[in-house]
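Novice: Below you will find the structure I want to go over with you.
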There are 2 protein chains.
Amino acid sequence: MRVTLCDVGPRDGLQNEPDVVAPEVRAELVNRLAGAGLPRIEAASFVRAERVPQMAAPEEVVAAIERRDGTEYAGLVLNVKGYERLRATALDRVNCTLAATESFNRRNGNMSLEEATEQAESILAASELPTTATISVAFGCPFEGRVDPGRVFELCERLETRELVLADTIGIATPTQVKRLVERVSILGAEVGVHLHNTRNTGFANAYAALEAGATLFDASVGGLGGCPYAPKATGNIATEDLVYLLEGEGVETGVDLEALVGVSQWLEGLLGRRLEGYVYRAGVWPA
Amino acid sequence: MRVTLCDVGPRDGLQNEPDVVAPEVRAELVNRLAGAGLPRIEAASFVRAERVPQMAAPEEVVAAIERRDGTEYAGLVLNVKGYERLRATALDRVNCTLAATESFNRRNGNMSLEEATEQAESILAASELPTTATISVAFGCPFEGRVDPGRVFELCERLETRELVLADTIGIATPTQVKRLVERVSILGAEVGVHLHNTRNTGFANAYAALEAGATLFDASVGGLGGCPYAPKATGNIATEDLVYLLEGEGVETGVDLEALVGVSQWLEGLLGRRLEGYVYRAGVWPA
């Protein structure tokens with residue numbers, strides 16, 4: 001069995017660092033991740049720099065990427081304008097993101113749920129690049145509480161794409177919720193993935209449940225970087241290297257060189273000057 | 001569905017703190033955990049004080065416990081001498097622990113595997129108290145590498161007890177390994193449990209897998225304290241409050257008051273003067 005891992009550290013990770021990391025350093029992170037064999041990397045986000053200064057100048061990040069065969073480079077967009085900016089770069093894939101709730105779309109993208117959905121529909125219909133659609137706060141919203149799975153399903157039904165990713169943006173889901181939503185959305189025929197935060201230590205159990213339910217796409221961020229500027233306390237995506245350790249133990253192929261990926265977290269720890277949330281890079285791969 | 005949680009923080013947690021915590025403070029931790037509704041607490045360890053100074057004077061800890069109805073107070077022993085000391089206290093349950101490998105028994109208990117097994121057999125046969133038998137390094141050993149599940153099963157077959165707990169002492173297991181061993185050992189007819197460390201971030205996924213496999217006993221430590229002095233880098237049991245959050249999400253009853261338990265971790269953070277590994281006590285229970 002094989003799954004596709006997408007490292008979102010350069011995007012979801014670094015956008016939540018208190019300090020702005022320069023475009024060339026963000027590109028260096030992307031290049032190091034590619035060097036560790038990541039099949040996909042979310043390299044940049046095409047959002048307004050005044051709203052998310054950490055993600056400013058995505059064009060400069062992309063320009064500094066040293067492309068590696070076997071790695072697909074993706075970017076995140078929230079609207080048609082973002083898509084047009086992405087389209088002018090050398091990126092390979094569009095991750096079109098919208099939230100499952102009215103309030104989160106307004107805070108995150110300054111649009112109503114209906115507007116965000118229409119923007120997504122337009123992008124997915126027009127895109128000349130392969131697309132992924134990610135549904136943020138698919139399990140719970142910091143402003144509206146629990147999210148009805150039926151509502152997420154109906155949203156997914158409207159999206160013409162070959163990849164649907166369900167995001168637990170604020171890290172509140174538990175395994176059976178994840179399993180059921182993955183199974184339900186799988187009926188639509190797209191590949192289904194999960195984007196999990198480990199805010200309450202359920203992230204890896206949720207990843208395992210998603211795997212059991214047939215998910216084939218997994219977002220994670222090197223070292224467990226991450227969060228969301230509009231989701232209070234949404235600390236950390238699941239750490240990519242820890243997910244790779246778990247998946248290898250399950251006999252799932254990822255194509256990632258785990259030791260090399262641990263090296264990227266060690267480099268990143270030095271760069272950021274703090275201990276990261278990932279555990280494998282500190283405890284070591286086992287057996288050594 | 002209901003499971004029995006045993007908080008091992010006062011034992012597996014505090015025995016790995018660099019500083020020795022005084023018996024009355026260890027008892028206070030036990031009392032606070034009982035106040036949060038823990039159905040079982042591993043309050044003390046009857047081992048040689050010169051080997052594990054953090055666990056010295058278990059009799060003083062037990063004497064300072066303010067017993068609460070509905071909580072069972074357990075102690076850990078490695079040999080008959082430890083059992084006799086425990087028996088002279090007011091504790092309710094004996095957790096008789098031995099390791100699955102020759103090397104780990106020698107380092108941890110200064111006995112061969114055969115000697116450790118014979119000690120366990122004697123204690124389990126003689127005990128006037130309810131017993132649990134815990135198999136350390138049941139998945140992997142820091143000295144011998146991967147452990148053959150058949151070997152663990154044969155060891156379990158020799159132990160006359162109503163509770164068998166499989167310990168991933170060094171935190172290397174992945175979910176399917178846990179699921180298969182729980183299922184295999186369940187054939188013996190005892191209740192089966194797991195004692196999981198989160199060293200490589202697989203602990204909660206392993207707990208979920210154990211739950212799926214029918215495990216009914218779960219060790220965890222408040223705040224994610226823990227480790228093992230003889231297992232290098234065996235950082236942290238799974239955090240009890242994070243496990244409760246996951247189990248509640250799964251609809252499993254634990255009897256624990258999650259908000260009160262979060263309060264114990266907050267108190268413990270102040271006591272130890274450092275951030276603990278648990279996440280829920282920082283991120284908050286959700287929905288609030």
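Each chain of the structure tokens is named A, B, ... in the order shown, its residues numbered from 1; ligands are numbered from 1 in display order.
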Can you pull out the residues contacting Ala205 (chain A)? Cut-off 7 Å, using only C-alpha atoms, and skip same-chain residues under 3 positions away; I want them as an MDAnalysis selection string.
Specialist: (chainID A and resid 175 202 208:209) or (chainID B and resid 204:205 208)
Novice: For chain A against chain B, which residues fall within 6 Å using only C-alpha atoms, given as an MDAnalysis selection string?
Specialist: chainID A and resid 174 200 204:205 233 246 249 279:280 283
Novice: Show me, as a list in words, the residues that have an atom within 9 Å of Pro18 (chain A) when counting only C-alpha atoms, minus same-chain residues fewer than 3 positions from it.
Specialist: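 Those residues are Leu14, Gln15 and Gln54 of chain A.
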Novice: Would you kindly return, as a PDB file with all heavy atoms, in the first residue's frame, each protein, DNA or RNA residue with an atom no farther than 9 Å from any atom of Ala138 (chain A), considering only C-alpha atoms and excluding same-chain residues fewer than 3 positions away?
Specialist:
```pdb
ATOM      1  N   ALA A  99     -13.649  26.883   3.892  1.00  0.00           N
ATOM      2  CA  ALA A  99     -14.026  26.350   5.195  1.00  0.00           C
ATOM      3  C   ALA A  99     -15.457  25.852   5.190  1.00  0.00           C
ATOM      4  O   ALA A  99     -16.277  26.291   4.366  1.00  0.00           O
ATOM      5  CB  ALA A  99     -13.854  27.430   6.259  1.00  0.00           C
ATOM      6  N   ALA A 100     -15.751  24.952   6.096  1.00  0.00           N
ATOM      7  CA  ALA A 100     -17.089  24.362   6.150  1.00  0.00           C
ATOM      8  C   ALA A 100     -18.113  25.285   6.797  1.00  0.00           C
ATOM      9  O   ALA A 100     -19.311  25.013   6.710  1.00  0.00           O
ATOM     10  CB  ALA A 100     -17.026  23.036   6.912  1.00  0.00           C
ATOM     11  N   THR A 101     -17.668  26.343   7.437  1.00  0.00           N
ATOM     12  CA  THR A 101     -18.623  27.203   8.152  1.00  0.00           C
ATOM     13  C   THR A 101     -18.605  28.636   7.620  1.00  0.00           C
ATOM     14  O   THR A 101     -17.599  29.108   7.077  1.00  0.00           O
ATOM     15  CB  THR A 101     -18.320  27.266   9.667  1.00  0.00           C
ATOM     16  OG1 THR A 101     -17.075  27.949   9.850  1.00  0.00           O
ATOM     17  CG2 THR A 101     -18.252  25.886  10.294  1.00  0.00           C
ATOM     18  N   ILE A 135     -11.218  21.178   2.723  1.00  0.00           N
ATOM     19  CA  ILE A 135     -12.300  21.751   3.534  1.00  0.00           C
ATOM     20  C   ILE A 135     -11.759  21.987   4.939  1.00  0.00           C
ATOM     21  O   ILE A 135     -11.540  21.036   5.703  1.00  0.00           O
ATOM     22  CB  ILE A 135     -13.517  20.800   3.618  1.00  0.00           C
ATOM     23  CG1 ILE A 135     -13.914  20.267   2.245  1.00  0.00           C
ATOM     24  CG2 ILE A 135     -14.683  21.502   4.334  1.00  0.00           C
ATOM     25  CD1 ILE A 135     -14.425  21.318   1.293  1.00  0.00           C
ATOM     26  N   CYS A 141     -15.339  24.018  14.397  1.00  0.00           N
ATOM     27  CA  CYS A 141     -14.971  25.396  14.062  1.00  0.00           C
ATOM     28  C   CYS A 141     -14.790  26.181  15.366  1.00  0.00           C
ATOM     29  O   CYS A 141     -15.588  26.026  16.288  1.00  0.00           O
ATOM     30  CB  CYS A 141     -16.100  25.995  13.225  1.00  0.00           C
ATOM     31  SG  CYS A 141     -15.966  27.780  12.981  1.00  0.00           S
ATOM     32  N   ARG A 146     -19.128  22.262  16.835  1.00  0.00           N
ATOM     33  CA  ARG A 146     -19.122  21.042  16.016  1.00  0.00           C
ATOM     34  C   ARG A 146     -19.740  21.302  14.651  1.00  0.00           C
ATOM     35  O   ARG A 146     -20.711  22.036  14.533  1.00  0.00           O
ATOM     36  CB  ARG A 146     -19.928  19.928  16.689  1.00  0.00           C
ATOM     37  CG  ARG A 146     -19.228  19.358  17.874  1.00  0.00           C
ATOM     38  CD  ARG A 146     -19.613  17.916  18.167  1.00  0.00           C
ATOM     39  NE  ARG A 146     -19.037  17.563  19.460  1.00  0.00           N
ATOM     40  CZ  ARG A 146     -17.751  17.251  19.641  1.00  0.00           C
ATOM     41  NH1 ARG A 146     -16.918  17.211  18.602  1.00  0.00           N
ATOM     42  NH2 ARG A 146     -17.303  16.974  20.851  1.00  0.00           N
ATOM     43  N   VAL A 147     -19.171  20.658  13.644  1.00  0.00           N
ATOM     44  CA  VAL A 147     -19.664  20.819  12.282  1.00  0.00           C
ATOM     45  C   VAL A 147     -20.380  19.543  11.861  1.00  0.00           C
ATOM     46  O   VAL A 147     -19.860  18.439  12.036  1.00  0.00           O
ATOM     47  CB  VAL A 147     -18.494  21.155  11.325  1.00  0.00           C
ATOM     48  CG1 VAL A 147     -18.942  21.120   9.882  1.00  0.00           C
ATOM     49  CG2 VAL A 147     -17.924  22.528  11.685  1.00  0.00           C
ATOM     50  N   ASP A 148     -21.575  19.716  11.329  1.00  0.00           N
ATOM     51  CA  ASP A 148     -22.389  18.589  10.874  1.00  0.00           C
ATOM     52  C   ASP A 148     -21.709  17.906   9.678  1.00  0.00           C
ATOM     53  O   ASP A 148     -21.456  18.548   8.658  1.00  0.00           O
ATOM     54  CB  ASP A 148     -23.758  19.143  10.467  1.00  0.00           C
ATOM     55  CG  ASP A 148     -24.637  18.105   9.796  1.00  0.00           C
ATOM     56  OD1 ASP A 148     -24.352  16.908   9.938  1.00  0.00           O
ATOM     57  OD2 ASP A 148     -25.606  18.514   9.119  1.00  0.00           O
ATOM     58  N   PRO A 149     -21.418  16.604   9.781  1.00  0.00           N
ATOM     59  CA  PRO A 149     -20.767  15.903   8.665  1.00  0.00           C
ATOM     60  C   PRO A 149     -21.581  15.974   7.374  1.00  0.00           C
ATOM     61  O   PRO A 149     -21.006  15.992   6.280  1.00  0.00           O
ATOM     62  CB  PRO A 149     -20.662  14.457   9.162  1.00  0.00           C
ATOM     63  CG  PRO A 149     -20.808  14.522  10.639  1.00  0.00           C
ATOM     64  CD  PRO A 149     -21.647  15.717  10.939  1.00  0.00           C
ATOM     65  N   ARG A 151     -23.235  18.481   6.243  1.00  0.00           N
ATOM     66  CA  ARG A 151     -22.909  19.771   5.631  1.00  0.00           C
ATOM     67  C   ARG A 151     -21.576  19.690   4.873  1.00  0.00           C
ATOM     68  O   ARG A 151     -21.444  20.236   3.776  1.00  0.00           O
ATOM     69  CB  ARG A 151     -22.806  20.749   6.801  1.00  0.00           C
ATOM     70  CG  ARG A 151     -22.566  22.161   6.509  1.00  0.00           C
ATOM     71  CD  ARG A 151     -22.831  22.883   7.829  1.00  0.00           C
ATOM     72  NE  ARG A 151     -22.216  24.193   7.876  1.00  0.00           N
ATOM     73  CZ  ARG A 151     -22.316  25.021   8.909  1.00  0.00           C
ATOM     74  NH1 ARG A 151     -22.990  24.642   9.994  1.00  0.00           N
ATOM     75  NH2 ARG A 151     -21.747  26.184   8.896  1.00  0.00           N
ATOM     76  N   VAL A 152     -20.603  19.029   5.450  1.00  0.00           N
ATOM     77  CA  VAL A 152     -19.303  18.853   4.785  1.00  0.00           C
ATOM     78  C   VAL A 152     -19.478  18.002   3.526  1.00  0.00           C
ATOM     79  O   VAL A 152     -18.924  18.317   2.466  1.00  0.00           O
ATOM     80  CB  VAL A 152     -18.269  18.200   5.738  1.00  0.00           C
ATOM     81  CG1 VAL A 152     -16.947  17.952   5.024  1.00  0.00           C
ATOM     82  CG2 VAL A 152     -18.076  19.062   6.973  1.00  0.00           C
ATOM     83  N   LEU A 166      -9.964  16.638   4.001  1.00  0.00           N
ATOM     84  CA  LEU A 166     -10.774  17.045   5.146  1.00  0.00           C
ATOM     85  C   LEU A 166      -9.829  17.520   6.244  1.00  0.00           C
ATOM     86  O   LEU A 166      -8.976  16.757   6.715  1.00  0.00           O
ATOM     87  CB  LEU A 166     -11.601  15.859   5.627  1.00  0.00           C
ATOM     88  CG  LEU A 166     -12.460  15.216   4.522  1.00  0.00           C
ATOM     89  CD1 LEU A 166     -12.959  13.841   4.953  1.00  0.00           C
ATOM     90  CD2 LEU A 166     -13.613  16.141   4.150  1.00  0.00           C
ATOM     91  N   ALA A 167      -9.997  18.775   6.644  1.00  0.00           N
ATOM     92  CA  ALA A 167      -9.042  19.348   7.595  1.00  0.00           C
ATOM     93  C   ALA A 167      -9.635  19.503   8.993  1.00  0.00           C
ATOM     94  O   ALA A 167     -10.708  20.081   9.166  1.00  0.00           O
ATOM     95  CB  ALA A 167      -8.565  20.706   7.091  1.00  0.00           C
ATOM     96  N   ASP A 168      -8.894  18.980   9.967  1.00  0.00           N
ATOM     97  CA  ASP A 168      -9.228  19.226  11.377  1.00  0.00           C
ATOM     98  C   ASP A 168      -8.353  20.401  11.826  1.00  0.00           C
ATOM     99  O   ASP A 168      -7.372  20.237  12.552  1.00  0.00           O
ATOM    100  CB  ASP A 168      -8.967  17.974  12.203  1.00  0.00           C
ATOM    101  CG  ASP A 168      -9.371  18.168  13.662  1.00  0.00           C
ATOM    102  OD1 ASP A 168     -10.165  19.093  13.947  1.00  0.00           O
ATOM    103  OD2 ASP A 168      -8.883  17.392  14.511  1.00  0.00           O
ATOM    104  N   THR A 169      -8.741  21.576  11.373  1.00  0.00           N
ATOM    105  CA  THR A 169      -7.928  22.788  11.495  1.00  0.00           C
ATOM    106  C   THR A 169      -7.575  23.144  12.936  1.00  0.00           C
ATOM    107  O   THR A 169      -6.494  23.670  13.205  1.00  0.00           O
ATOM    108  CB  THR A 169      -8.696  23.959  10.837  1.00  0.00           C
ATOM    109  OG1 THR A 169      -9.110  23.523   9.539  1.00  0.00           O
ATOM    110  CG2 THR A 169      -7.858  25.211  10.742  1.00  0.00           C
ATOM    111  N   LEU A 181     -16.212  10.278   8.384  1.00  0.00           N
ATOM    112  CA  LEU A 181     -16.283  11.322   7.355  1.00  0.00           C
ATOM    113  C   LEU A 181     -15.468  10.928   6.122  1.00  0.00           C
ATOM    114  O   LEU A 181     -15.903  11.158   4.983  1.00  0.00           O
ATOM    115  CB  LEU A 181     -15.833  12.678   7.927  1.00  0.00           C
ATOM    116  CG  LEU A 181     -16.171  13.894   7.047  1.00  0.00           C
ATOM    117  CD1 LEU A 181     -17.658  14.006   6.751  1.00  0.00           C
ATOM    118  CD2 LEU A 181     -15.680  15.179   7.710  1.00  0.00           C
TER     119      LEU A 181
END
```
Novice: Mind checking DSSP for region 31-198 of chain A and telling me the alpha helix (DSSP H) residues as a PyMOL selection string?
Specialist: chain A and resi 31-35+58-63+80-87+102-109+113-126+149-157+175-186
Novice: Could you give me, as a ChimeraX atom specification, the residues within 7 Å of region 118-127 of chain B, counting only C-alpha atoms and dropping anything in the same chain fewer than 6 positions from it?
Specialist: /B:79-80,83,96,159-161
Novice: Can those selected residues be exported to a file as a PDB file, in the first residue's frame so that it contains C-alpha atoms?
Specialist:
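Result file follows (result36.pdb):
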```pdb
ATOM      1  CA  ASN B  79       9.893  -9.421  43.198  1.00  0.00           C
ATOM      2  CA  VAL B  80       8.568 -11.243  46.276  1.00  0.00           C
ATOM      3  CA  TYR B  83       5.308  -7.729  47.284  1.00  0.00           C
ATOM      4  CA  CYS B  96       3.598  -7.374  39.236  1.00  0.00           C
ATOM      5  CA  LEU B 159       0.920 -15.856  34.549  1.00  0.00           C
ATOM      6  CA  GLU B 160      -2.146 -16.614  36.668  1.00  0.00           C
ATOM      7  CA  THR B 161      -3.884 -13.280  36.862  1.00  0.00           C
TER       8      THR B 161
END
```
Novice: Would you please give, as number ranges by chain, all residues of region 76-193 of chain B that DSSP assigns to strand (DSSP E) based on the backbone?
Specialist: B: 76-77, 93-99, 131-136, 140-141, 145-146, 163-168, 191-193
Novice: Give the answer as one residue: which of B:Arg51, B:Arg11, B:Arg158, B:Arg274 has the shortest atom-to-atom distance to Ala74 (chain B), using only C-alpha atoms?
Specialist: B:Arg11
Novice: Expressed in Å to a single decimal, how great is the separation between CA of Tyr73 (chain B) and CA of Ser45 (chain B)?
Specialist: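 CA of Ser45 (chain B) lies at a distance of 11.7 Å from CA of Tyr73 (chain B).
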Novice: Rounded to one decimal, what separation in Å do you get between CA of Lys179 (chain B) and CA of Val192 (chain B)?
Specialist: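 Going from CA of Lys179 (chain B) over to CA of Val192 (chain B), I get 11.2 Å.
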Novice: Have a look at A:Ile65, A:Met55, A:Leu29, A:Val165 and name the one nearest to Asn95 (chain A); count only C-alpha atoms.
Specialist: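 With only C-alpha atoms as the atom set, the closest residue is A:Val165.
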